[in-house]
Structures are given as C-alpha cells and as structure tokens.
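Next comes data23.cif, with mmCIF, C-alpha atoms.
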```cif
data_target
loop_
_atom_site.label_atom_id
_atom_site.label_comp_id
_atom_site.auth_asym_id
_atom_site.auth_seq_id
_atom_site.Cartn_x
_atom_site.Cartn_y
_atom_site.Cartn_z
CA MET A 6 41.96 96.56 145.22
CA ARG A 7 41.89 93.29 147.13
CA ILE A 8 40.30 90.17 145.79
CA SER A 9 40.04 87.29 148.20
CA GLY A 10 43.04 88.41 150.23
CA ARG A 11 45.44 88.89 147.26
CA ALA A 12 46.71 92.11 145.73
CA ALA A 13 45.69 92.67 142.09
CA PHE A 14 46.02 95.36 139.43
CA THR A 15 43.01 97.27 138.26
CA LEU A 16 42.13 97.53 134.58
CA VAL A 17 43.10 101.21 134.57
CA GLU A 18 46.56 100.45 135.97
CA MET A 19 47.11 97.79 133.31
CA LEU A 20 46.02 100.18 130.54
CA ILE A 21 48.41 102.86 131.81
CA VAL A 22 51.32 100.40 131.71
CA VAL A 23 50.41 99.28 128.18
CA VAL A 24 50.16 102.89 126.97
CA ILE A 25 53.55 103.78 128.50
CA LEU A 26 55.18 100.74 126.85
CA ALA A 27 53.60 101.64 123.50
CA ILE A 28 54.94 105.20 123.73
CA MET A 29 58.43 103.93 124.59
CA ALA A 30 58.35 101.50 121.64
CA GLY A 31 57.17 104.28 119.33
CA VAL A 32 60.06 106.48 120.38
CA ALA A 33 62.68 103.72 120.04
CA LEU A 34 61.51 102.17 116.75
CA PRO A 35 62.73 104.94 114.39
CA TYR A 36 66.15 104.81 116.05
CA PHE A 37 66.50 101.09 115.34
CA SER A 38 65.22 101.54 111.79
CA ASP A 39 67.85 104.23 111.09
CA THR A 40 70.56 102.04 112.60
CA SER A 41 69.59 99.16 110.33
CA PHE A 42 69.75 101.39 107.22
CA GLU A 43 73.12 102.82 108.31
CA ALA A 44 74.47 99.28 108.68
CA ARG A 45 73.37 98.51 105.11
CA VAL A 46 75.07 101.70 103.86
CA VAL A 47 78.36 100.78 105.55
CA THR A 48 78.11 97.24 104.18
CA ALA A 49 77.60 98.60 100.65
CA GLN A 50 80.68 100.83 101.07
CA ASN A 51 82.75 97.87 102.25
CA VAL A 52 81.60 95.69 99.33
CA LEU A 53 82.52 98.46 96.91
CA ARG A 54 85.94 98.83 98.53
CA THR A 55 86.49 95.06 98.33
CA MET A 56 85.54 95.00 94.67
CA GLY A 57 87.90 97.92 93.95
CA THR A 58 90.70 96.08 95.70
CA ALA A 59 89.98 92.99 93.58
CA LEU A 60 90.37 95.09 90.43
CA ASP A 61 93.70 96.45 91.71
CA VAL A 62 94.94 92.98 92.64
CA TYR A 63 94.04 91.66 89.18
CA ARG A 64 96.11 94.38 87.50
CA ILE A 65 99.10 93.92 89.81
CA ARG A 66 99.02 90.11 89.77
CA TYR A 67 98.79 89.80 86.00
CA SER A 68 100.85 92.96 85.21
CA LYS A 69 98.06 94.23 83.00
CA PRO A 70 98.22 97.81 81.70
CA ASN A 71 94.46 97.85 81.14
CA PHE A 72 91.63 97.30 83.55
CA PRO A 73 89.97 93.86 83.58
CA PRO A 74 87.24 93.41 80.96
CA THR A 75 84.73 92.45 83.66
CA VAL A 76 84.32 91.85 87.38
CA MET A 77 84.51 88.10 87.86
CA GLY A 78 82.71 86.17 90.58
CA SER A 79 85.70 83.85 90.99
CA TRP A 80 87.61 86.74 92.62
CA PHE A 81 85.33 86.61 95.66
CA ALA A 82 84.42 84.16 98.41
CA GLY A 83 81.64 81.86 97.29
CA GLY A 84 82.55 82.34 93.64
CA VAL A 85 79.98 85.10 93.01
CA VAL A 86 80.05 88.88 92.83
CA PRO A 87 79.01 90.30 96.24
CA ILE A 88 75.48 91.58 96.68
CA ASN A 89 74.82 95.30 97.04
CA SER A 90 73.31 95.41 100.54
CA LEU A 91 70.94 98.19 99.47
CA ALA A 92 69.36 96.06 96.75
CA THR A 93 65.99 94.61 97.63
CA ASP A 94 65.43 92.47 94.54
CA GLY A 95 66.11 89.18 96.34
CA SER A 96 69.25 88.40 94.36
CA THR A 97 71.70 85.81 95.61
CA ALA A 98 74.59 87.35 93.68
CA GLY A 99 75.49 90.88 92.72
CA SER A 100 75.25 91.99 89.12
CA VAL A 101 77.63 94.31 87.31
CA GLU A 102 76.90 96.43 84.25
CA VAL A 103 80.15 96.72 82.29
CA VAL A 104 80.68 99.64 79.93
CA ASN A 105 83.67 100.84 77.95
CA VAL A 106 83.20 104.61 77.69
CA ALA A 107 86.28 106.82 77.86
CA GLY A 108 85.91 109.51 80.49
CA ALA A 109 82.62 108.28 81.98
CA THR A 110 82.70 108.37 85.76
CA ASN A 111 79.07 107.63 86.68
CA PRO A 112 76.24 105.56 85.23
CA SER A 113 73.34 107.35 83.56
CA GLY A 114 71.00 105.60 86.00
CA LYS A 115 72.18 105.79 89.61
CA THR A 116 69.26 103.94 91.17
CA LEU A 117 68.45 100.27 91.63
CA GLY A 118 65.25 98.83 90.27
CA GLY A 119 63.82 98.29 86.85
CA GLY A 120 66.33 95.54 86.15
CA ALA A 121 69.37 97.77 86.76
CA ALA A 122 72.54 95.96 87.83
CA HIS A 123 73.73 96.41 91.41
CA PHE A 124 77.07 97.84 90.29
CA TRP A 125 78.40 99.84 87.33
CA TYR A 126 81.95 99.31 86.06
CA ASN A 127 83.70 101.30 83.34
CA ARG A 128 86.54 99.14 82.08
CA SER A 129 88.14 101.99 80.12
CA ASN A 130 89.11 103.84 83.31
CA GLY A 131 88.50 101.28 86.07
CA ILE A 132 85.77 103.24 87.84
CA LEU A 133 83.36 101.12 89.86
CA ARG A 134 80.12 102.48 91.32
CA ALA A 135 77.29 101.05 93.43
CA ARG A 136 73.72 101.91 92.58
CA VAL A 137 71.37 103.00 95.37
CA PRO A 138 67.63 102.73 95.99
CA ALA A 139 65.45 105.70 95.05
CA MET A 140 64.88 107.86 98.11
CA ALA A 141 62.09 110.35 98.91
CA ASN A 142 63.49 112.92 96.46
CA ALA A 143 66.33 113.36 93.95
CA THR A 144 68.49 115.31 96.40
CA ALA A 145 68.35 112.51 98.98
CA THR A 146 69.07 109.90 96.29
CA ASN A 147 72.10 111.81 94.97
CA SER A 148 73.36 112.41 98.50
CA LEU A 149 73.21 108.68 99.29
CA TYR A 150 74.84 107.82 95.95
CA ASP A 151 77.70 110.26 96.62
CA ARG A 152 78.11 108.95 100.16
CA ILE A 153 78.34 105.29 99.13
CA ASN A 154 80.62 105.95 96.19
CA SER A 155 83.04 108.27 97.99
CA VAL A 156 85.03 105.44 99.54
CA SER A 157 88.77 105.74 99.01
CA GLN A 158 89.70 104.35 95.62
CA THR A 159 93.07 103.51 94.16
CA PHE A 160 94.08 102.65 90.67
CA VAL A 161 97.21 101.01 89.36
CA ASN A 162 99.33 102.18 86.46
CA VAL A 163 101.68 99.55 85.18
CA LEU A 164 104.72 101.39 83.89
CA SER A 165 107.60 99.56 82.26
CA GLY A 166 107.05 96.35 84.17
CA GLY A 167 106.66 97.95 87.61
CA ALA A 168 103.43 98.82 89.35
CA GLN A 169 102.86 102.27 90.76
CA ILE A 170 99.84 102.77 93.00
CA GLN A 171 98.34 106.24 92.92
CA ASP A 172 95.95 107.29 95.63
CA LEU A 173 92.98 109.36 94.47
CA ARG A 174 92.34 110.83 97.92
CA ALA A 175 94.92 113.57 97.32
CA THR A 176 92.99 114.87 94.30
CA ALA A 177 89.49 114.37 95.71
CA ALA A 178 87.50 117.22 97.19
CA PRO A 179 87.60 117.39 101.00
CA ALA A 180 84.83 115.46 102.70
CA GLN A 181 82.00 117.42 104.24
CA ALA A 182 81.63 117.28 108.02
CA ASP A 183 78.61 115.33 109.24
#
```

Would you mind writing the structure in this file as structure tokens?
Amino acid sequence: MRISGRAAFTLVEMLIVVVILAIMAGVALPYFSDTSFEARVVTAQNVLRTMGTALDVYRIRYSKPNFPPTVMGSWFAGGVVPINSLATDGSTAGSVEVVNVAGATNPSGKTLGGGAAHFWYNRSNGILRARVPAMANATATNSLYDRINSVSQTFVNVLSGGAQIQDLRATAAPAQAD
C-alpha cells in the first residue's frame, strides 16, 4: 500500500511479524530456562567440591586424624561459607548443619526450605552433602540430589604422621550415561 508516495506496512503484515516473533520467543524461552538451571547445578557441584577440598586441606595441614568439627567460613574467599546456588532463600552466606553420627551418609531431609541449612556435614566420617530444592516429584528430587552429590570426593587418613589420600571413585558405582 502506498501512502503519499512512500511504502508502508499494512496492519496485517505487522501482526504477522509480531506473531512469528512471539512463536520464536516461545520456542527459545524453555531452552534458556533449562540452561540457567543447569548452570546453577554445575555451580552447586563446584561449591561442594571446593568445600570437600577445604576439609581435606584442613586435615593435611594440621595433621589431624579426625575430621574438622565444623566447616569454617574463614577457609573460603570472603570469610563466609559459600552459598548453595540452588538455594532461593536470599542468604548471603551458606549454612552448614553439622552432625556427629557414625555411619550416616545422607541427611534425613535432602531438600532446602523450612529453615534447612544449605549443606549437611557429618564430622564423624567427613561426608559433606548439598541440599536441593524440592522438584515436581520425589523421583526428580532424589535424582537431582544424587547428581549434585556424586562429585568426586576424597578423604584423608593420617597414618603414623604421614597422610595417605584415598580416592572414593574406585569404590563408587559406575556413573549412568546421560
């Protein structure tokens, strides 16, 4: 259509362009949302690995036969325990629930929320776990929990003054293919 000698778009053409852009955005949005969540999962795994390394360094540096009584903020940059990237409680520092239960390998509550600490640490055996948000169902929640907490862990046994690092990957079950 021509208006006073200039080319112009009709209302129908403009609506078609807007609809096409809306469809493209609708297709792309879930992809970006999943990518953002995956980045938070990887960040949580890295924080957990860093915290595990800090526990190992403490035992080696101070030649301690036992695991540290707590996870201290002074071990990390900024002087605070890192935040669990999956936590949405607005915290500025991570929180750690410390227990001393022989043989316990997982917390009774695996999910964040309700005042639960971001991380769970059993000082009797040195196991450190990250809690996860509740997902759509229990299977999805447990799957995410297992995925985050399956990062390679090491523990240190101090034997007669010398440190021996044992890698738990050799005894762990093989990882499932994605």

If I take atom CA of Val104 of chain A and atom CA of Arg128 of chain A, how far is one from the other in Å, to one decimal?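 For atom CA of Val104 of chain A relative to atom CA of Arg128 of chain A, the distance reads 6.3 Å.
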
Could you pull the residues within 10 Å of Val47 of chain A, counting all atoms listed in the file, minus those fewer than 3 positions along the same chain, as a ChimeraX atom specification? /A:42-44,50-53,90-91,152-153

One number please: atom CA of Ala143 of chain A to atom CA of Leu117 of chain A, in Å, one decimal.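 Between these atoms lies a distance of 13.5 Å.
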
When distances are computed from all atoms listed in the file, which of A:Ser148, A:Ser96, A:Ser68, A:Thr75 shows the smallest separation from Met56 of chain A?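 When distances to Met56 of chain A are compared using all atoms listed in the file, the smallest one comes from A:Thr75.
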
Suppose you want the space between atom CA of Asn111 of chain A and atom CA of Ala59 of chain A; what is it in Å?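 Computed distance, atom CA of Asn111 of chain A to atom CA of Ala59 of chain A, equals 19.5 Å.
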
For the provided coordinates, the residues matched by the PyMOL selection byres ((chain A and resi 129-139) around 9) should be stated as number ranges by chain. A: 49-50, 53, 56-57, 60, 71-74, 89, 91-93, 104-112, 114-118, 121-128, 140-143, 145-147, 149-150, 153-154, 158, 160

Take the residues just selected and output them with C-alpha atoms as a PDB file, in the frame of the given file.
```pdb
ATOM      1  CA  ALA A  49      77.600  98.600 100.650  1.00  0.00           C
ATOM      2  CA  GLN A  50      80.680 100.830 101.070  1.00  0.00           C
ATOM      3  CA  LEU A  53      82.520  98.460  96.910  1.00  0.00           C
ATOM      4  CA  MET A  56      85.540  95.000  94.670  1.00  0.00           C
ATOM      5  CA  GLY A  57      87.900  97.920  93.950  1.00  0.00           C
ATOM      6  CA  LEU A  60      90.370  95.090  90.430  1.00  0.00           C
ATOM      7  CA  ASN A  71      94.460  97.850  81.140  1.00  0.00           C
ATOM      8  CA  PHE A  72      91.630  97.300  83.550  1.00  0.00           C
ATOM      9  CA  PRO A  73      89.970  93.860  83.580  1.00  0.00           C
ATOM     10  CA  PRO A  74      87.240  93.410  80.960  1.00  0.00           C
ATOM     11  CA  ASN A  89      74.820  95.300  97.040  1.00  0.00           C
ATOM     12  CA  LEU A  91      70.940  98.190  99.470  1.00  0.00           C
ATOM     13  CA  ALA A  92      69.360  96.060  96.750  1.00  0.00           C
ATOM     14  CA  THR A  93      65.990  94.610  97.630  1.00  0.00           C
ATOM     15  CA  VAL A 104      80.680  99.640  79.930  1.00  0.00           C
ATOM     16  CA  ASN A 105      83.670 100.840  77.950  1.00  0.00           C
ATOM     17  CA  VAL A 106      83.200 104.610  77.690  1.00  0.00           C
ATOM     18  CA  ALA A 107      86.280 106.820  77.860  1.00  0.00           C
ATOM     19  CA  GLY A 108      85.910 109.510  80.490  1.00  0.00           C
ATOM     20  CA  ALA A 109      82.620 108.280  81.980  1.00  0.00           C
ATOM     21  CA  THR A 110      82.700 108.370  85.760  1.00  0.00           C
ATOM     22  CA  ASN A 111      79.070 107.630  86.680  1.00  0.00           C
ATOM     23  CA  PRO A 112      76.240 105.560  85.230  1.00  0.00           C
ATOM     24  CA  GLY A 114      71.000 105.600  86.000  1.00  0.00           C
ATOM     25  CA  LYS A 115      72.180 105.790  89.610  1.00  0.00           C
ATOM     26  CA  THR A 116      69.260 103.940  91.170  1.00  0.00           C
ATOM     27  CA  LEU A 117      68.450 100.270  91.630  1.00  0.00           C
ATOM     28  CA  GLY A 118      65.250  98.830  90.270  1.00  0.00           C
ATOM     29  CA  ALA A 121      69.370  97.770  86.760  1.00  0.00           C
ATOM     30  CA  ALA A 122      72.540  95.960  87.830  1.00  0.00           C
ATOM     31  CA  HIS A 123      73.730  96.410  91.410  1.00  0.00           C
ATOM     32  CA  PHE A 124      77.070  97.840  90.290  1.00  0.00           C
ATOM     33  CA  TRP A 125      78.400  99.840  87.330  1.00  0.00           C
ATOM     34  CA  TYR A 126      81.950  99.310  86.060  1.00  0.00           C
ATOM     35  CA  ASN A 127      83.700 101.300  83.340  1.00  0.00           C
ATOM     36  CA  ARG A 128      86.540  99.140  82.080  1.00  0.00           C
ATOM     37  CA  MET A 140      64.880 107.860  98.110  1.00  0.00           C
ATOM     38  CA  ALA A 141      62.090 110.350  98.910  1.00  0.00           C
ATOM     39  CA  ASN A 142      63.490 112.920  96.460  1.00  0.00           C
ATOM     40  CA  ALA A 143      66.330 113.360  93.950  1.00  0.00           C
ATOM     41  CA  ALA A 145      68.350 112.510  98.980  1.00  0.00           C
ATOM     42  CA  THR A 146      69.070 109.900  96.290  1.00  0.00           C
ATOM     43  CA  ASN A 147      72.100 111.810  94.970  1.00  0.00           C
ATOM     44  CA  LEU A 149      73.210 108.680  99.290  1.00  0.00           C
ATOM     45  CA  TYR A 150      74.840 107.820  95.950  1.00  0.00           C
ATOM     46  CA  ILE A 153      78.340 105.290  99.130  1.00  0.00           C
ATOM     47  CA  ASN A 154      80.620 105.950  96.190  1.00  0.00           C
ATOM     48  CA  GLN A 158      89.700 104.350  95.620  1.00  0.00           C
ATOM     49  CA  PHE A 160      94.080 102.650  90.670  1.00  0.00           C
TER      50      PHE A 160
END
```

Pick from A:Ser155, A:Ala82, A:Asp94, A:Ser41: nearest to Gly120 of chain A, with all atoms listed in the file counted?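 Answer, going by the shortest atom-to-atom distance: A:Asp94.
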
When distances are computed from all atoms listed in the file, which of A:Tyr67, A:Asp151, A:Ala98, A:Ile88 shows the smallest separation from Thr48 of chain A? A:Ile88

Best match for closeness to Thr55 of chain A among A:Leu34, A:Leu20, A:Ala13, A:Val76, counting only C-alpha atoms: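 Of all the options, A:Val76 lies closest to Thr55 of chain A.
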